[in-house]
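Working notes, beginning with the structure itself.
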Amino acid sequence: MSRWMITILFLVGSAILTNWIPFSSFFRNVDTMVHELGHAVTTLVLSGQVLYIELYSNHSGVTYSYIERGWRTIPLGLSGYITASLFAAFLFSLYGKGKLKAGFIAMTLLAVVSLAFFVNNSFGVMWLIGFMIVNVIAMLVPFEWFRKFYYLLVSFICLEESVMGPIHLILLSVTRPGQAGDASSLSRATHIPAIVWAVLFLVIALLCARKAIAAFVGRNRSGRTRSSRWESQA
């Protein structure tokens, strides 16, 4: 079976299974947090000014900022979805290397930075505090199976959201091209149709998902091999 088919099957299976897990909706804002942080950091790198970020209970978010018009609006528009896709792949890369603690720390630090410098609406603040508390508890629980389950739950949800976001954007680009979020912003800045940018986001998301699933499958195969060797030696 090709890697692309495996990736698609994992994404579909993950989307089905995680929706059955109680409270999984809580973790879907991790992708939103990373997406908006991508916009915020890019704004600062491009010498703009970030006013604040708002995170909402429907898993959407918005970054309010000032930036000089012109070419700077292009990397700013690209940064949200691409950052979210890269972060999902990053979490799986750490899992593949057996560095779950580093992944926990990375997620928690991003939440701390968001809370300390950017997010100011009531839901966003409460969600960030809750996420940090849950993250620390999960990291300190003395059961490896639970830490792994929690880490993979958050990672797979981030991966799903990083792919589903561009798919939703493609649909909006067809039905309401002026309201397709970052794709519409990029379209206004470049005069390239919003759907082109939405498809670009999806391609990047799928490439990152392919890398993520390869790391996940590779880690599990490696683990089974080591276990088999240990049992034969015993």
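We label chains A, B, ... in the order they appear in the structure tokens, count residues from 1 in each chain, and number ligands from 1 in the order shown.
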Item to check | Test item: residues at most 7 Å from segment 69-74 of chain A, only C-alpha atoms, excluding those fewer than 6 positions along its chain, as a VMD selection string | outcome: chain A and resid 46 186 189
Output file for the residues above (N, CA, C and O atoms, as a PDB file, in the first residue's frame):
```pdb
ATOM      1  N   LEU A  46       8.097  40.687  10.560  1.00  0.00           N
ATOM      2  CA  LEU A  46       7.982  41.641   9.456  1.00  0.00           C
ATOM      3  C   LEU A  46       7.821  43.080   9.951  1.00  0.00           C
ATOM      4  O   LEU A  46       7.366  43.950   9.213  1.00  0.00           O
ATOM      5  N   LEU A 186      -5.045  36.629   0.798  1.00  0.00           N
ATOM      6  CA  LEU A 186      -3.975  36.450  -0.184  1.00  0.00           C
ATOM      7  C   LEU A 186      -4.455  36.773  -1.593  1.00  0.00           C
ATOM      8  O   LEU A 186      -3.707  37.324  -2.405  1.00  0.00           O
ATOM      9  N   ALA A 189      -4.423  40.447  -2.065  1.00  0.00           N
ATOM     10  CA  ALA A 189      -3.063  40.990  -2.134  1.00  0.00           C
ATOM     11  C   ALA A 189      -2.366  40.653  -3.445  1.00  0.00           C
ATOM     12  O   ALA A 189      -1.482  41.404  -3.888  1.00  0.00           O
TER      13      ALA A 189
END
```
Would you write out, as a tab-separated table, a table of all residues in segment 111-227 of chain A that have an atom no more than 10 Å from an atom of segment 97-100 of chain A, listing for each the closest atom pair and the distance in Å to one decimal, considering only C-alpha atoms and ordering rows by chain and rising residue number?
```
residue	atom	partner	partner_atom	distance
A:Met139	CA	A:Leu100	CA	8.7
A:Arg147	CA	A:Leu100	CA	8.2
A:Lys148	CA	A:Leu100	CA	7.6
A:Tyr151	CA	A:Leu100	CA	7.3
A:Leu152	CA	A:Leu100	CA	9.5
A:Ala215	CA	A:Lys97	CA	8.2
A:Phe216	CA	A:Lys97	CA	9.5
A:Gly218	CA	A:Lys97	CA	9.6
A:Arg219	CA	A:Lys97	CA	7.3
A:Gly223	CA	A:Gly98	CA	9.9
```
Residues just named, written with C-alpha atoms as an mmCIF file, in the first residue's frame:
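out.cif, freshly written:
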```
data_model
loop_
_atom_site.group_PDB
_atom_site.id
_atom_site.type_symbol
_atom_site.label_atom_id
_atom_site.label_comp_id
_atom_site.auth_asym_id
_atom_site.auth_seq_id
_atom_site.Cartn_x
_atom_site.Cartn_y
_atom_site.Cartn_z
ATOM 1 C CA MET A 139 3.196 14.850 31.525
ATOM 2 C CA ARG A 147 1.198 9.759 28.490
ATOM 3 C CA LYS A 148 1.509 8.154 25.073
ATOM 4 C CA TYR A 151 0.213 12.782 23.384
ATOM 5 C CA LEU A 152 -1.055 10.895 20.349
ATOM 6 C CA ALA A 215 7.141 8.918 11.692
ATOM 7 C CA PHE A 216 4.232 7.350 13.589
ATOM 8 C CA GLY A 218 8.129 3.926 11.808
ATOM 9 C CA ARG A 219 8.168 4.407 15.578
ATOM 10 C CA GLY A 223 9.028 -0.561 19.063
#
```
Next on the checklist: as a ChimeraX atom specification, please: the residues near segment 181-185 of chain A (cut-off 12 Å, only C-alpha atoms, same-chain neighbours under 5 positions excluded).
Outcome noted: /A:35-36,39,60-63,69-70,72-82,165-174,176,190-202
Checklist entry - What are the DSSP strand (DSSP E) residues of segment 22-130 of chain A, as a list in words? => result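 Filtering segment 22-130 of chain A down to strand (DSSP E) leaves Gln49, Val50, Leu51, Tyr52, Ile53, Glu54, Leu55, Gly61, Val62, Thr63, Tyr64, Ser65 and Tyr66 of chain A.
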Next on the checklist: When you count only C-alpha atoms, which of these residues is closest to Tyr52 of chain A: A:Met5, A:Asn121, A:Phe27, A:Phe104?
Outcome noted: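 Selected residue with least distance to Tyr52 of chain A: A:Asn121.
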Item to check | segment 67-125 of chain A: residues DSSP assigns to alpha helix (DSSP H), reported as a PyMOL selection string | outcome: chain A and resi 73-96+100-113+122-125
Checklist entry - So how many Å separate atom CA of Val112 of chain A and atom CA of Ile67 of chain A, to one decimal? => result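 For atom CA of Val112 of chain A relative to atom CA of Ile67 of chain A, the distance reads 24.4 Å.
When only C-alpha atoms are used to compute distances to Ser93 of chain A, the closest of the residues A:Ser57, A:Ser47, A:Asn135, A:Ser155 turns out to be A:Ser155.
The interatomic distance for the pair atom CA of Ala84 of chain A and atom CA of Tyr56 of chain A works out to 16.8 Å.
Within 6 Å of Phe92 of chain A, once only C-alpha atoms are used and residues closer than 3 positions along the same chain are dropped, the contacting residues are Ala89, Tyr95 and Ala212 of chain A.
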Checklist entry - Using only C-alpha atoms, which of the listed residues (A:Val134, A:Leu17, A:Ile53, A:Leu207) sits closest to Ala116 of chain A? => result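 For Ala116 of chain A, the nearest of the given residues is A:Ile53.
Take the candidates A:Met107, A:Arg210, A:Ser2, A:Gly13 and check each one against Val154 of chain A using only C-alpha atoms; the shortest distance goes to A:Met107.
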Checklist entry - So how far away is atom CA of Asn29 of chain A from atom CA of His59 of chain A, in Å? => result 5.1 Å
